[in-house]
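*Asks:* First the structure, which I've put down as structure tokens, then a few questions once you've had a look.
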Amino acid sequence: MNLEFFIAKRIYFHSDLKKQVAKPAICIAIIGMALGLVIMIISLSVVMGFKREVSSKVIGFGSHIQISNFRSNQSYETLPVVADDSLLSVLVHIGGVSHVQRYATKPGMIKTEDYFQGMVLKGVGQEYDMTFMRNHLVEGEIPIFTDSVASNRILISRSLANKLHIRLGDVLYTYYIQETIRARKLKVAGIYETNFSDYDNLFVIGDIYTVNHLNKWEKDQASGIEIKVTNYDELENIAYKVADYTDSMVDRHGNTYYTQTIEELTPQLFAWLGVLDLNVWVILILMLGVAGFSMISGLLIIILERTNMIGVLKALGSTNCSIRKIFLYFSVFIIGKGMLWGNIIGLSLCYIQYQWRAVKLDPANYYIDSVPIYFNVWIWLILNIFTLVVAVLILIGPSFLISRIHPAKSIRFE
């Protein structure tokens with residue numbers, strides 16, 4: 001144990017705090033550090049949780065990568081491409097791809113005796129991954145969808161069900177406009193709720209056989225192909241691999257394939273999520289500033305209180321650098337105590353919110369019904385290390401006040 005650390009430890013753990021003038025300043029510094037760390041932990045956890053929840057819902061509806069007809073516009077009245085088994089087999093074996101599935105869409109209208117509502121019937125096949133829908137199913141069951149027979153059963157969102165006063169098991173009459181108005185009678189097999197109003201108010205999930213029949217497409221045609229990846233961080237690289245294979249292809253009807261990532265399909269949403277990162281940096285800088293200011297104030301008061309001790313140490317031959325180390329070590333003890341309490345309080349509040357969802361949100365505005373929490377151990381460790389390092393660096397400047405204290409004058413200082 002070096003001498004500076006030993007002296008700092010003796011001052012911190014063995015001083016008579018009741019006689020210390022600096023005690024209130026030390027308490028304020030500890031509270032400032034703890035409060036700053038609490039806000040930083042909560043801010044990071046909430047923002048990461050919010051981004052994770054919203055992006056997972058967008059990806060749940062649209063997957064990571066979509067392949068569609070190059071001539072299709074942004075409407076749901078899409079043009080088809082051939083999505084046969086041979087193409088799906090090649091795509092699923094591209095590195096980084098975890099799942100491949102077809103989909104087809106058809107805009108239409110639901111009409112009941114008293115209400116009517118526009119919607120998009122999204123048809124899926126037997127290979128479609130229903131995990132997302134299963135996780136958000138609130139009533140009923142997931143029907144078995146195939147591309148060979150019409151099930152006439154659908155999944156509908158709770159928001160649509162509430163608007164149309166529909167209950168589980170009801171039979172709906174849906175209408176679609178092509179050359180003529182075509183009707184289909186569908187039964188509600190399940191009700192889902194994601195709180196993502198942009199999709200909940202629009203999509204009804206059915207089988208791809210019915211949608212293809214309404215569109216007058218062949219069995220192996222679809223609006224597009226959805227691709228899921230194993231690692232989202234590799235999304236762009238995997239999309240390039242898929243595009244290299246498909247974008248130069250033309251199906252037997254002369255249609256060209258077009259590959260897009262979910263970020264390209266919904267750029268406004270992901271740009272909005274990206275802005276949240278800037279908000280986090282602003283909060284981190286402000287909280288570090290508040291904590292740093294309280295630590296600087298505390299350190300200066302401690303140095304003034306220990307002027308006599310500084311003079312004695314200088315008279316005994318200690319250098320300015322050595323004495324600065326003593327007070328920096330002393331500051332680390334204060335910072336450590338503040339960070340300990342900050343972590344305890346911050347993590348406890350995050351756990352309470354994660355476990356019991358105490359703070360609610362309006363799903364119409366935030367797409368989720370409560371404040372989301374996501375905890376990452378590595379980010380938490382980096383935040384603590386970064387906070388400790390920055391706090392100590394901030395205190396190096398004020399510690400140079402020690403070099404201006406003269407032994408002859410300071411020993412007489414009371």
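Each chain in the structure tokens gets a letter, A, B, ..., in the order shown, and its residues are numbered from 1; ligands are numbered from 1 in order too.
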Enumerate the residues of stretch 203-398 of chain A with a DSSP assignment of strand (DSSP E or B), computed from the backbone, and present them as number ranges by chain.

*Replies:* A: 203-207, 221-222, 224-229, 250, 256-261, 360, 370

*Asks:* Please save C-alpha atoms of the selected residues as a compact mmCIF listing (two decimals), in the first residue's frame.

*Replies:*
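Writing the result to out_28.txt gives the following:
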# COMPACT_ATOMS: atom_id res chain seq x y z
CA PHE A 203 -53.73 -5.78 -40.61
CA VAL A 204 -55.92 -8.86 -40.52
CA ILE A 205 -53.99 -12.13 -40.77
CA GLY A 206 -55.36 -14.92 -42.96
CA ASP A 207 -54.10 -17.67 -45.26
CA GLN A 221 -46.77 -16.27 -56.46
CA ALA A 222 -46.75 -13.85 -53.53
CA GLY A 224 -43.05 -10.85 -51.38
CA ILE A 225 -40.70 -12.86 -49.22
CA GLU A 226 -39.79 -11.98 -45.64
CA ILE A 227 -36.36 -12.92 -44.31
CA LYS A 228 -35.26 -13.07 -40.68
CA VAL A 229 -31.59 -12.82 -39.70
CA VAL A 250 -36.28 -12.15 -63.35
CA THR A 256 -37.72 -8.25 -61.21
CA TYR A 257 -37.02 -8.86 -57.53
CA TYR A 258 -36.23 -5.95 -55.21
CA THR A 259 -34.58 -6.29 -51.77
CA GLN A 260 -35.09 -3.84 -48.90
CA THR A 261 -34.27 -3.91 -45.19
CA LYS A 360 -47.94 3.30 -17.47
CA SER A 370 -45.82 0.91 -19.87

*Asks:* Which residues are near A:His136? Cut-off 7 Å, only C-alpha atoms, ignore same chain within fewer than 3 positions. Put them as a PyMOL selection string.

*Replies:* chain A and resi 132-133+192-194

*Asks:* Which residues in stretch 116-266 of chain A does DSSP call helix (DSSP H, G or I)? List them as a PyMOL selection string.

*Replies:* chain A and resi 131-135+158-164+197-200+208-215+232-246+262-265

*Asks:* Please produce a file of those selected residues containing C-alpha atoms, as a PDB file, in the first residue's frame.

*Replies:*
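Below you can see selection_30.pdb, which holds the result:
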ATOM      1  CA  THR A 131     -44.021 -16.578 -32.731  1.00  0.00           C
ATOM      2  CA  PHE A 132     -44.643 -12.818 -32.762  1.00  0.00           C
ATOM      3  CA  MET A 133     -48.395 -13.242 -33.095  1.00  0.00           C
ATOM      4  CA  ARG A 134     -48.434 -15.972 -30.462  1.00  0.00           C
ATOM      5  CA  ASN A 135     -46.636 -13.677 -28.000  1.00  0.00           C
ATOM      6  CA  ARG A 158     -58.121  -5.861 -30.445  1.00  0.00           C
ATOM      7  CA  SER A 159     -58.308  -2.251 -31.662  1.00  0.00           C
ATOM      8  CA  LEU A 160     -60.158  -3.314 -34.836  1.00  0.00           C
ATOM      9  CA  ALA A 161     -62.351  -5.647 -32.819  1.00  0.00           C
ATOM     10  CA  ASN A 162     -63.283  -2.824 -30.445  1.00  0.00           C
ATOM     11  CA  LYS A 163     -63.992  -0.397 -33.282  1.00  0.00           C
ATOM     12  CA  LEU A 164     -66.300  -2.872 -35.042  1.00  0.00           C
ATOM     13  CA  SER A 197     -51.504   1.335 -33.767  1.00  0.00           C
ATOM     14  CA  ASP A 198     -50.024   1.760 -37.264  1.00  0.00           C
ATOM     15  CA  TYR A 199     -50.338  -2.011 -37.739  1.00  0.00           C
ATOM     16  CA  ASP A 200     -53.072  -2.982 -35.275  1.00  0.00           C
ATOM     17  CA  ILE A 208     -52.134 -16.985 -48.439  1.00  0.00           C
ATOM     18  CA  TYR A 209     -54.435 -19.251 -50.480  1.00  0.00           C
ATOM     19  CA  THR A 210     -57.373 -16.859 -49.996  1.00  0.00           C
ATOM     20  CA  VAL A 211     -55.312 -13.757 -50.818  1.00  0.00           C
ATOM     21  CA  ASN A 212     -53.835 -15.329 -53.955  1.00  0.00           C
ATOM     22  CA  HIS A 213     -57.312 -16.377 -55.071  1.00  0.00           C
ATOM     23  CA  LEU A 214     -58.597 -12.811 -54.561  1.00  0.00           C
ATOM     24  CA  ASN A 215     -55.630 -11.413 -56.487  1.00  0.00           C
ATOM     25  CA  TYR A 232     -29.388  -7.745 -36.371  1.00  0.00           C
ATOM     26  CA  ASP A 233     -25.983  -6.049 -36.309  1.00  0.00           C
ATOM     27  CA  GLU A 234     -25.179  -7.876 -39.565  1.00  0.00           C
ATOM     28  CA  LEU A 235     -28.422  -6.778 -41.250  1.00  0.00           C
ATOM     29  CA  GLU A 236     -26.795  -4.650 -43.948  1.00  0.00           C
ATOM     30  CA  ASN A 237     -24.211  -7.299 -44.876  1.00  0.00           C
ATOM     31  CA  ILE A 238     -26.838 -10.037 -45.093  1.00  0.00           C
ATOM     32  CA  ALA A 239     -29.123  -7.776 -47.150  1.00  0.00           C
ATOM     33  CA  TYR A 240     -26.267  -7.236 -49.624  1.00  0.00           C
ATOM     34  CA  LYS A 241     -25.806 -10.997 -49.931  1.00  0.00           C
ATOM     35  CA  VAL A 242     -29.520 -11.493 -50.576  1.00  0.00           C
ATOM     36  CA  ALA A 243     -29.606  -8.609 -53.073  1.00  0.00           C
ATOM     37  CA  ASP A 244     -26.584  -9.960 -54.936  1.00  0.00           C
ATOM     38  CA  TYR A 245     -28.539 -13.138 -55.601  1.00  0.00           C
ATOM     39  CA  THR A 246     -32.082 -11.862 -56.171  1.00  0.00           C
ATOM     40  CA  ILE A 262     -36.845  -3.022 -42.563  1.00  0.00           C
ATOM     41  CA  GLU A 263     -34.936   0.223 -41.929  1.00  0.00           C
ATOM     42  CA  GLU A 264     -35.354   1.179 -45.599  1.00  0.00           C
ATOM     43  CA  LEU A 265     -39.040   0.281 -45.536  1.00  0.00           C
TER      44      LEU A 265
END

*Asks:* What's the separation between atom CA of A:Val81 and atom CA of A:Asn69, in Å to one decimal place?

*Replies:*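 Between these atoms lies a distance of 5.7 Å.
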
*Asks:* Nearest residue to A:Ser157 out of A:Tyr173, A:Phe196, A:Tyr128, A:Tyr354, using only C-alpha atoms?

*Replies:*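 Ranked by minimum distance to A:Ser157, first place goes to A:Phe196.
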
*Asks:* From the list A:Lys314, A:Pro407, A:Asp220, A:Val389, which residue is nearest A:Leu87 when using only C-alpha atoms?

*Replies:*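 Looking only at the distances to A:Leu87, the closest residue turns out to be A:Asp220.
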
*Asks:* Mind giving me the straight-line distance from atom CA of A:Thr105 to atom CA of A:Leu88 in Å, one decimal?

*Replies:*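 Answer for the atom CA of A:Thr105 to atom CA of A:Leu88 separation: 18.7 Å.
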
*Asks:* Which residues come within 12 Å of A:Leu168, counting only C-alpha atoms, excluding same-chain residues fewer than 2 positions away, as an NGL selection string?

*Replies:* :A and (137-141 or 153-158 or 161-162 or 165-166 or 170-172 or 186-192)

*Asks:* Please indicate the distance in Å from atom CA of A:Ile41 to atom CA of A:Pro24, rounded to one decimal place.

*Replies:*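 Atom-to-atom, atom CA of A:Ile41 and atom CA of A:Pro24 are spaced 25.6 Å apart.
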
*Asks:* Could you give me, as an mmCIF file with N, CA and C atoms, in the first residue's frame, the residues within 10 Å of A:Ile181, counting only C-alpha atoms and dropping anything in the same chain fewer than 5 positions from it?

*Replies:*
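Contents of around_22.cif, freshly written:
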data_model
loop_
_atom_site.group_PDB
_atom_site.id
_atom_site.type_symbol
_atom_site.label_atom_id
_atom_site.label_comp_id
_atom_site.auth_asym_id
_atom_site.auth_seq_id
_atom_site.Cartn_x
_atom_site.Cartn_y
_atom_site.Cartn_z
ATOM 1 N N GLY A 108 -58.882 -4.299 -48.375
ATOM 2 C CA GLY A 108 -60.313 -4.566 -48.411
ATOM 3 C C GLY A 108 -61.043 -3.791 -47.346
ATOM 4 N N TYR A 175 -64.981 -7.297 -48.017
ATOM 5 C CA TYR A 175 -65.203 -6.968 -49.423
ATOM 6 C C TYR A 175 -63.907 -6.431 -50.037
ATOM 7 N N TYR A 176 -63.664 -6.815 -51.292
ATOM 8 C CA TYR A 176 -62.440 -6.459 -51.997
ATOM 9 C C TYR A 176 -62.805 -5.980 -53.400
#

*Asks:* A:Arg357: which residues within 9 Å, counting only C-alpha atoms, same-chain residues fewer than 6 positions away excluded, as a compact mmCIF listing (two decimals) with N, CA and C atoms, in the first residue's frame?

*Replies:*
# COMPACT_ATOMS: atom_id res chain seq x y z
N ASP A 369 -47.66 0.05 -23.57
CA ASP A 369 -48.57 0.41 -22.49
C ASP A 369 -47.88 0.74 -21.17
N SER A 370 -46.57 0.56 -21.09
CA SER A 370 -45.82 0.91 -19.87
C SER A 370 -44.38 1.23 -20.24
N VAL A 371 -43.69 1.91 -19.34
CA VAL A 371 -42.29 2.27 -19.60
C VAL A 371 -41.45 1.00 -19.69
N PRO A 372 -40.79 0.77 -20.82
CA PRO A 372 -40.00 -0.46 -20.99
C PRO A 372 -38.63 -0.34 -20.34

*Asks:* Between A:Ser223, A:Met249, A:Ser55, A:Gln101, which one has atoms that come closest to A:Leu79, using only C-alpha atoms?

*Replies:*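 That would be A:Ser223, the residue with the smallest distance to A:Leu79.
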
*Asks:* Counting only C-alpha atoms, figure out which residue out of A:Ile11, A:Ile385, A:Ala104, A:Leu300 gets nearest to A:Lys216.

*Replies:* A:Ala104
